[in-house]
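Comments concern the structure below.
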Amino acid sequence: MRVRKDEKYMLRPGHAAVLGAAFAVAVAGHAAAQDTKYRPAGQQIPAPECLTLREAWEGGYSPCNDATHQLWLNDLNHWRTERRIRTGYDDARYRMPGLAWTQSSFIQPQMMVQDRYFYDPVAGKYTVDRYLDDLEKRYGGIDAVLIWPTYPNMGIDDRNQHDMIHSMPGGLEGVHQMVEDFHRRGVRVLFPMMMWDQGTRDPGKPWPQAIAETMKEIDADGINGDTQDGVPLAFSQASDRVGHTLAFEPEGGPSDEALAWNVMTWGQYKFGPVPLVDKFKWLETRHMVNISDRWARNKTDDLQFAFFNGVGWESWENIWGIWNGITPRDAETTRRMAAIERGVASFLTSPDWEPYYPTHHYGVYASRWPLNGQTVWTLVNRNEYDVSGRQMSVPVEEGVHYFDLYHGVELTPERDGSDAVLAFPMEAHGFAAVLATHGAADAKMQDLMTRMQRTAVMPMSSYSDQWKTIPQQLTTIPPIKAAGAAPEGMVAILGGDYVFKVQGIEIEGSNDIGVDVQYPWEDMARRFHEHRMTIHPIYMDKYPVTNAAFKKFLDATHYQPADSLNFLRDWKSGAYPLGWANKPVTWVSLEDARAYAKWAGKRLPHEWEWQYAAQGGNSARIYPWGDTWEAGAVPVPVKGRSLTAPDNVDTHPAGASSFGVMDLVGNVWQWTDEFIDEHTRAAILRGGSYYQPQGSIWYFPQAYRNDQHGKLLLMAPSYDRSGTVGFRCVSDP
């Protein structure tokens with residue numbers, strides 16, 4: 001951006017002395033800055049100082065001119081050349097045909113496997129078309145998808161990151177077919193890898209090999225390196241050895257050297273008035289960045305920085321089951337921005353990219369992308385007001401035509417000496433794109449302009465920028481009538497007034513709207529809950545349901561779930577292991593537990609009933625036995641990489657609540673309520689478990705306290721079943 005009247009972009013002989021003197025100053029600066037005056041801060045390269053508006057007390061504002069722009073550009077070109085020499089840069093992976101797709105993969109959501117648009121647990125099938133149709137309708141569709149089956153559920157038992165993929169409906173065969181459904185729609189598929197996952201089951205082989213083999217089996221296209229600042233070369237080499245080339249995309253920026261084999265990256269940006277240049281895109285213009293700013297509710301910064309840099313965006317809405325949906329305005333902006341980027345994708349890898357191409361208006365920033373005798377400019381208006389009229393000047397060239405790609409019309413330049421001045425409108429916080437070509441636009445560009453002309457009829461200001469949450473509902477648990485006296489194995493829980501106070505222990509999300517759950521008396525989901533209520537008398541199982549009790553159910557009903565993967569995984573040939581009769585049954589889904597309860601003439605407890613029984617009535621008791629942790633009241637935690645058996649349910653009588661309910665805390669988690677919204681289902685787990693994988697803060701956290709609960713995201717019975725989750729039942733007098 002530059003405020004200008006008669007200044008010309010092309011340097012004149014008279015500018016040589018000014019430029020020479022300025023360049024001498026810049027070279028002197030290099031002695032201190034080593035290889036650049038504009039040393040990158042994180043993943044972003046600073047803009048020329050003259051682009052920063054300074055108030056009078058800061059020395060006043062001086063607009064950029066040809067010399068200052070060229071100095072900045074020379075410095076950055078020098079730095080790029082030197083960085084490539086210093087790192088021994090080799091662009092071989094960017095020339096691989098199998099990775100060419102990454103260079104136009106602009107829109108990529110991270111998608112939770114629990115998203116109800118992706119999998120239908122009632123029909124028992126993946127619904128890829130429904131998922132993609134929704135995104136196409138709302139914001140124009142996607143180029144790739146990062147399918148996320150691991151965190152935050154991982155660590156609930158000893159299944160490692162690949163075991164979680166194996167647990168998805170249909171196992172690896174079903175996952176492979178699902179990946180092919182995405183490929184059929186032209187969408188590439190990535191999965192994550194978590195090198196922090198060193199506390200669950202050992203894969204029995206090096207992780208680079210394990211990842212490459214699994215991704216080949218399911219025909220995935222790439223890997224996102226969760227929490228990684230660069231994915232090591234060994235992973236690319238492993239994928240090459242198995243004959244299945246993968247694109248690696250670290251969450252954090254790789255080292256300059258690792259740029260050679262990390263062909264994609266997330267953009268973890270800081271946003272200011274001036275859109276900064278992405279370091280990795282500058283070093284290698286074929287590198288794809290997807291800007292990730294998942295908690296932001298306004299995506300203007302993300303989208304404008306992406307368009308200026310010719311990169312993409314991580315259109316992530318389902319964040320660990322917390323819905324941060326895109327507003328209508330951001331959705332329409334994404335549709336338009338992505339349509340243009342896809343239409344000019346080959347230009348956006350130009351090695352001659354020129355950021356901050358001079359413009360006429362303050363707050364308007366342009367990038368120039370020349371390629372094969374044609375040029376594209378991408379522009380963003382960072383101002384809060386519309387800017388129209390003269391936008392930028394270009395040297396006059398005979399036979400060159402200029403097209404406003406955003407509005408889909410040809411421009412008539414105004415001759416100003418040796419310059420052609422291009423005029424077009426830009427909305428507040430808006431976008432523009434210009435094509436310069438000899439003769440008429442080709443058929444591809446004509447098609448793009450036709451589509452954009454139809455779209456641009458509606459101004460962006462007509463779309464709402466109001467962010468909205470989505471409501472959750474508690475799944476109904478119908479009351480069950482039992483005999484007047486307490487049934488065998490159950491204890492009476494006397495009712496009464498109760499202050500139900502509990503908090504979710506989600507690792508991320510702070511106290512944002514949508515974190516945790518929304519009880520019927522609340523207007524939206526939140527992390528902290530308190531509600532005065534009346535608890536009706538119930539009977540509750542003294543112990544969690546055991547293997548022996550569940551075996552009686554199977555013998556009586558011949559129950560066989562439709563989705564049987566991982567069902568009673570510890571059992572063999574329909575029988576539990578020797579000595580396990582009195583241990584809590586595990587590897588049962590919420591649906592399995594409900595089926596047992598129905599057969600037994602019981603139901604699962606509401607969470608507040610479970611907590612009331614654990615606290616012994618209307619008290620704030622921290623643990624069932626009191627306010628001080630007692631190690632002898634619970635099983636000894638297992639901290640190894642392999643899951644062992646839970647304790648017998650009657651092993652720890654000291655852990656009883658004052659009602660006489662046993663084994664509430666520290667042996668196995670217990671199913672209670674289910675919550676559902678348009679995109680996610682989740683179950684509330686109570687009591688914690690004996691399994692504590694070590695080495696990372698990212699594993700599913702324990703909730704031993706009476707005023708804490710766990711929220712387990714639900715996908716399908718095969719995936720939801722766990723070696724540390726059981727249940728107990730209640731009935732109503």
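Chain labels run A, B, ... following the order of the structure tokens; each chain numbers its residues from 1, and ligands are numbered from 1 in the order shown.
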
message: Excluding stretch 122-135 of chain A and its own-chain neighbours fewer than 6 positions away, which residues fall within 7 Å of it when counting only C-alpha atoms? Please give them as a PyMOL selection string.
response: chain A and resi 141+178+181-182

message: For the helix (DSSP H, G or I) assignment from backbone DSSP, which residues of stretch 254-401 of chain A qualify? Please present them as an NGL selection string.
response: :A and (257-260 or 279-283 or 300-309 or 328-343 or 347-349)

message: Please determine, counting only C-alpha atoms, which residue among A:Leu405, A:Met490, A:Leu422, A:Ala428 has the shortest atom-to-atom distance to A:Gln453.
response: A:Leu405

task: Go through A:Asn77, A:Ser418, A:Thr349, A:Thr534 one by one, measure the shortest atom-to-atom distance of each to A:Phe500 using only C-alpha atoms, and give the residue with the smallest value.
output: A:Thr534

Write out as a JSON list (two decimals) with all heavy atoms, in the first residue's frame which residues come within 6 Å of stretch 189-203 of chain A when counting only C-alpha atoms, dropping same-chain ones fewer than 5 positions away.
```
[["chain", "number", "residue", "atom", "x", "y", "z"],
["A", 144, "ALA", "N", -9.37, -30.17, 0.94],
["A", 144, "ALA", "CA", -8.82, -31.28, 1.72],
["A", 144, "ALA", "C", -9.51, -31.28, 3.07],
["A", 144, "ALA", "O", -10.13, -30.29, 3.47],
["A", 144, "ALA", "CB", -7.30, -31.14, 1.88],
["A", 145, "VAL", "N", -9.39, -32.40, 3.78],
["A", 145, "VAL", "CA", -9.99, -32.50, 5.11],
["A", 145, "VAL", "C", -9.00, -33.21, 6.02],
["A", 145, "VAL", "O", -8.35, -34.17, 5.62],
["A", 145, "VAL", "CB", -11.33, -33.26, 5.07],
["A", 145, "VAL", "CG1", -11.17, -34.69, 4.56],
["A", 145, "VAL", "CG2", -12.02, -33.25, 6.43],
["A", 146, "LEU", "N", -8.85, -32.69, 7.22],
["A", 146, "LEU", "CA", -8.03, -33.32, 8.25],
["A", 146, "LEU", "C", -8.98, -34.07, 9.19],
["A", 146, "LEU", "O", -9.71, -33.45, 9.97],
["A", 146, "LEU", "CB", -7.23, -32.27, 9.02],
["A", 146, "LEU", "CG", -6.50, -32.72, 10.29],
["A", 146, "LEU", "CD1", -5.58, -33.91, 10.01],
["A", 146, "LEU", "CD2", -5.71, -31.57, 10.89],
["A", 147, "ILE", "N", -9.02, -35.39, 9.08],
["A", 147, "ILE", "CA", -9.94, -36.21, 9.86],
["A", 147, "ILE", "C", -9.30, -36.53, 11.20],
["A", 147, "ILE", "O", -8.21, -37.10, 11.25],
["A", 147, "ILE", "CB", -10.29, -37.50, 9.09],
["A", 147, "ILE", "CG1", -11.00, -37.14, 7.78],
["A", 147, "ILE", "CG2", -11.15, -38.42, 9.93],
["A", 147, "ILE", "CD1", -11.31, -38.33, 6.90],
["A", 158, "ASP", "N", -5.81, -47.67, 26.81],
["A", 158, "ASP", "CA", -4.46, -47.77, 26.26],
["A", 158, "ASP", "C", -4.42, -47.80, 24.73],
["A", 158, "ASP", "O", -3.36, -48.04, 24.16],
["A", 158, "ASP", "CB", -3.72, -48.98, 26.83],
["A", 158, "ASP", "CG", -4.36, -50.30, 26.43],
["A", 158, "ASP", "OD1", -5.48, -50.30, 25.88],
["A", 158, "ASP", "OD2", -3.73, -51.36, 26.68],
["A", 159, "ARG", "N", -5.52, -47.55, 24.06],
["A", 159, "ARG", "CA", -5.48, -47.46, 22.60],
["A", 159, "ARG", "C", -4.62, -46.28, 22.17],
["A", 159, "ARG", "O", -4.84, -45.15, 22.60],
["A", 159, "ARG", "CB", -6.89, -47.31, 22.04],
["A", 159, "ARG", "CG", -7.73, -48.58, 22.05],
["A", 159, "ARG", "CD", -9.14, -48.32, 21.60],
["A", 159, "ARG", "NE", -9.88, -47.48, 22.54],
["A", 159, "ARG", "CZ", -11.10, -47.01, 22.33],
["A", 159, "ARG", "NH1", -11.73, -47.27, 21.19],
["A", 159, "ARG", "NH2", -11.70, -46.28, 23.25],
["A", 160, "ASN", "N", -3.66, -46.55, 21.29],
["A", 160, "ASN", "CA", -2.81, -45.47, 20.82],
["A", 160, "ASN", "C", -3.47, -44.77, 19.63],
["A", 160, "ASN", "O", -4.59, -45.09, 19.23],
["A", 160, "ASN", "CB", -1.40, -45.98, 20.48],
["A", 160, "ASN", "CG", -1.38, -46.98, 19.33],
["A", 160, "ASN", "OD1", -2.16, -46.89, 18.37],
["A", 160, "ASN", "ND2", -0.48, -47.96, 19.41],
["A", 220, "ALA", "N", -4.71, -42.67, 2.60],
["A", 220, "ALA", "CA", -4.72, -41.26, 2.98],
["A", 220, "ALA", "C", -3.67, -40.50, 2.19],
["A", 220, "ALA", "O", -2.72, -41.07, 1.65],
["A", 220, "ALA", "CB", -4.47, -41.12, 4.47],
["A", 221, "ASP", "N", -3.84, -39.18, 2.13],
["A", 221, "ASP", "CA", -2.97, -38.33, 1.31],
["A", 221, "ASP", "C", -1.91, -37.59, 2.11],
["A", 221, "ASP", "O", -0.91, -37.15, 1.53],
["A", 221, "ASP", "CB", -3.81, -37.31, 0.56],
["A", 221, "ASP", "CG", -4.85, -37.96, -0.33],
["A", 221, "ASP", "OD1", -4.48, -38.49, -1.38],
["A", 221, "ASP", "OD2", -6.04, -37.94, 0.04],
["A", 222, "GLY", "N", -2.15, -37.39, 3.40],
["A", 222, "GLY", "CA", -1.21, -36.58, 4.15],
["A", 222, "GLY", "C", -1.36, -36.76, 5.64],
["A", 222, "GLY", "O", -2.28, -37.44, 6.13],
["A", 223, "ILE", "N", -0.45, -36.13, 6.35],
["A", 223, "ILE", "CA", -0.37, -36.21, 7.81],
["A", 223, "ILE", "C", -0.18, -34.82, 8.39],
["A", 223, "ILE", "O", 0.67, -34.06, 7.94],
["A", 223, "ILE", "CB", 0.81, -37.10, 8.26],
["A", 223, "ILE", "CG1", 0.51, -38.57, 7.96],
["A", 223, "ILE", "CG2", 1.11, -36.93, 9.73],
["A", 223, "ILE", "CD1", -0.55, -39.19, 8.84],
["A", 224, "ASN", "N", -1.00, -34.51, 9.39],
["A", 224, "ASN", "CA", -0.81, -33.29, 10.17],
["A", 224, "ASN", "C", -0.02, -33.63, 11.42],
["A", 224, "ASN", "O", -0.39, -34.53, 12.17],
["A", 224, "ASN", "CB", -2.17, -32.70, 10.55],
["A", 224, "ASN", "CG", -2.05, -31.54, 11.52],
["A", 224, "ASN", "OD1", -2.08, -31.72, 12.73],
["A", 224, "ASN", "ND2", -1.91, -30.34, 11.00],
["A", 225, "GLY", "N", 1.07, -32.93, 11.64],
["A", 225, "GLY", "CA", 1.91, -33.17, 12.81],
["A", 225, "GLY", "C", 1.44, -32.36, 14.00],
["A", 225, "GLY", "O", 1.83, -31.20, 14.17],
["A", 226, "ASP", "N", 0.59, -32.96, 14.83],
["A", 226, "ASP", "CA", 0.00, -32.25, 15.97],
["A", 226, "ASP", "C", 1.08, -31.79, 16.94],
["A", 226, "ASP", "O", 1.91, -32.60, 17.38],
["A", 226, "ASP", "CB", -0.99, -33.17, 16.67],
["A", 226, "ASP", "CG", -1.66, -32.50, 17.85],
["A", 226, "ASP", "OD1", -2.17, -31.38, 17.68],
["A", 226, "ASP", "OD2", -1.67, -33.09, 18.96],
["A", 641, "ARG", "N", 2.07, -48.60, 29.82],
["A", 641, "ARG", "CA", 1.53, -48.40, 28.48],
["A", 641, "ARG", "C", 0.45, -49.41, 28.13],
["A", 641, "ARG", "O", -0.19, -49.28, 27.09],
["A", 641, "ARG", "CB", 2.66, -48.46, 27.45],
["A", 641, "ARG", "CG", 3.73, -47.39, 27.67],
["A", 641, "ARG", "CD", 4.64, -47.24, 26.48],
["A", 641, "ARG", "NE", 3.93, -46.69, 25.34],
["A", 641, "ARG", "CZ", 4.53, -46.29, 24.21],
["A", 641, "ARG", "NH1", 5.85, -46.40, 24.10],
["A", 641, "ARG", "NH2", 3.82, -45.80, 23.21],
["A", 642, "SER", "N", 0.29, -50.43, 28.98],
["A", 642, "SER", "CA", -0.72, -51.46, 28.70],
["A", 642, "SER", "C", -1.77, -51.48, 29.79],
["A", 642, "SER", "O", -1.46, -51.36, 30.98],
["A", 642, "SER", "CB", -0.05, -52.84, 28.59],
["A", 642, "SER", "OG", 0.86, -52.87, 27.51],
["A", 693, "PRO", "N", -2.31, -42.93, 31.71],
["A", 693, "PRO", "CA", -1.16, -42.90, 30.79],
["A", 693, "PRO", "C", -0.29, -41.69, 31.08],
["A", 693, "PRO", "O", -0.78, -40.61, 31.40],
["A", 693, "PRO", "CB", -1.81, -42.83, 29.41],
["A", 693, "PRO", "CG", -3.17, -42.26, 29.65],
["A", 693, "PRO", "CD", -3.59, -42.74, 31.01],
["A", 694, "GLN", "N", 1.00, -41.87, 30.94],
["A", 694, "GLN", "CA", 1.95, -40.85, 31.35],
["A", 694, "GLN", "C", 2.62, -40.18, 30.15],
["A", 694, "GLN", "O", 2.60, -40.68, 29.04],
["A", 694, "GLN", "CB", 3.03, -41.48, 32.24],
["A", 694, "GLN", "CG", 2.48, -42.12, 33.52],
["A", 694, "GLN", "CD", 1.84, -41.11, 34.44],
["A", 694, "GLN", "OE1", 2.53, -40.23, 34.97],
["A", 694, "GLN", "NE2", 0.54, -41.23, 34.63],
["A", 695, "GLY", "N", 3.19, -39.03, 30.42],
["A", 695, "GLY", "CA", 4.05, -38.39, 29.44],
["A", 695, "GLY", "C", 3.43, -37.26, 28.66],
["A", 695, "GLY", "O", 4.11, -36.64, 27.84]]
```

- request: Skip A:Phe550 itself and residues of its chain fewer than 4 positions away, then list as a ChimeraX atom specification all residues within 8 Å of it, counting only C-alpha atoms.
  value: /A:545-546,554,585,596

Keeping only C-alpha atoms, take the residues you just selected and write them out as an mmCIF file, in the first residue's frame.
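Written file, part_24.cif:
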```cif
data_model
loop_
_atom_site.group_PDB
_atom_site.id
_atom_site.type_symbol
_atom_site.label_atom_id
_atom_site.label_comp_id
_atom_site.auth_asym_id
_atom_site.auth_seq_id
_atom_site.Cartn_x
_atom_site.Cartn_y
_atom_site.Cartn_z
ATOM 1 C CA VAL A 545 -22.421 -54.075 36.717
ATOM 2 C CA THR A 546 -19.983 -56.992 36.733
ATOM 3 C CA LEU A 554 -26.246 -62.216 27.207
ATOM 4 C CA VAL A 585 -17.751 -55.151 32.771
ATOM 5 C CA TYR A 596 -28.659 -54.316 29.702
#
```

Spatial neighbours of A:Ala645, max dist 10 Å, only C-alpha atoms, sep filter under 4 positions, as number ranges by chain: A: 570, 577, 580, 583-584, 586, 638, 667, 690-691, 723-724

The selected residues should be written to file as a compact mmCIF listing (two decimals), in the first residue's frame (atoms: C-alpha atoms).
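What ended up in selection22.txt:
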```txt
# COMPACT_ATOMS: atom_id res chain seq x y z
CA ASP A 570 -11.47 -58.71 26.86
CA PRO A 577 -11.44 -64.26 31.57
CA TRP A 580 -13.03 -61.70 36.23
CA LYS A 583 -14.83 -57.16 38.01
CA PRO A 584 -16.83 -54.38 36.34
CA THR A 586 -16.02 -52.85 30.27
CA VAL A 638 -1.82 -48.18 36.43
CA ASN A 667 -11.89 -48.12 39.27
CA TYR A 690 -7.49 -46.67 37.41
CA TYR A 691 -5.62 -46.02 34.13
CA GLY A 723 -11.48 -50.75 28.54
CA THR A 724 -12.01 -48.29 31.40
```

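Minimum atom-to-atom distance to A:Glu317, evaluated using only C-alpha atoms, belongs to A:Met112 out of A:Val457, A:Ala423, A:Met112, A:Val396.
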
- request: Work out how far apart atom CA of A:Gly617 and atom CA of A:Val661 are and give it in Å to one decimal.
  value: 12.0 Å

message: Given only C-alpha atoms as the basis, pick out the residue of A:Ile505, A:Ala247, A:Ile142, A:Cys64 nearest to A:Ala260.
response: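 Of the candidates, the smallest distance to A:Ala260 is held by A:Ala247.
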
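With atom CA of A:Gly155 on one side and atom CA of A:Gly514 on the other, the separation reads 22.8 Å.
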
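Neighbours of stretch 537-539 of chain A closer than or equal to 7 Å, with only C-alpha atoms counted and sequence neighbours fewer than 3 positions away skipped, come out as A:Ala486, A:Met490, A:Val491, A:Ala492, A:Ile493, A:Leu494, A:Gly495, A:Val730, A:Ser731, A:Asp732, A:Pro733.
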
Save the residues we just selected, C-alpha atoms, as a compact mmCIF listing (two decimals), in the first residue's frame?
```txt
# COMPACT_ATOMS: atom_id res chain seq x y z
CA ALA A 486 -35.11 -52.26 47.12
CA MET A 490 -29.46 -52.10 45.05
CA VAL A 491 -29.49 -49.55 47.84
CA ALA A 492 -32.06 -46.88 48.56
CA ILE A 493 -31.05 -43.29 47.80
CA LEU A 494 -33.33 -41.02 49.79
CA GLY A 495 -34.43 -37.97 47.88
CA VAL A 730 -30.85 -47.22 38.97
CA SER A 731 -34.57 -47.80 39.21
CA ASP A 732 -37.47 -45.68 40.41
CA PRO A 733 -39.61 -46.76 43.41
```

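Closest to A:Glu506 among A:Gln702, A:Thr214, A:Thr227, A:Thr300 is A:Gln702, based on only C-alpha atoms.
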
From A:Ala212, A:Leu259, A:Ala366, A:Leu714, residue lying nearest A:Ile676 [only C-alpha atoms]: A:Leu714

message: With only C-alpha atoms as the counted atoms, please give the residues lying no more than 10 Å from stretch 242-245 of chain A, apart from itself and same-chain residues fewer than 6 positions off, as a list in words.
response: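 Residues near the query, excluding close chain neighbours: Arg93, Met96, Pro97, Gly98, Leu99, Gln209, Ala212, Glu213, Met215, Lys216, Glu217, Asp219, Ala220, Asp221, Gly222 and Ser236 of chain A.
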
Pairwise distance for atom CA of A:Ile340 and atom CA of A:Arg415, rounded to one decimal in Å: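 Between atom CA of A:Ile340 and atom CA of A:Arg415 the gap is 27.3 Å.
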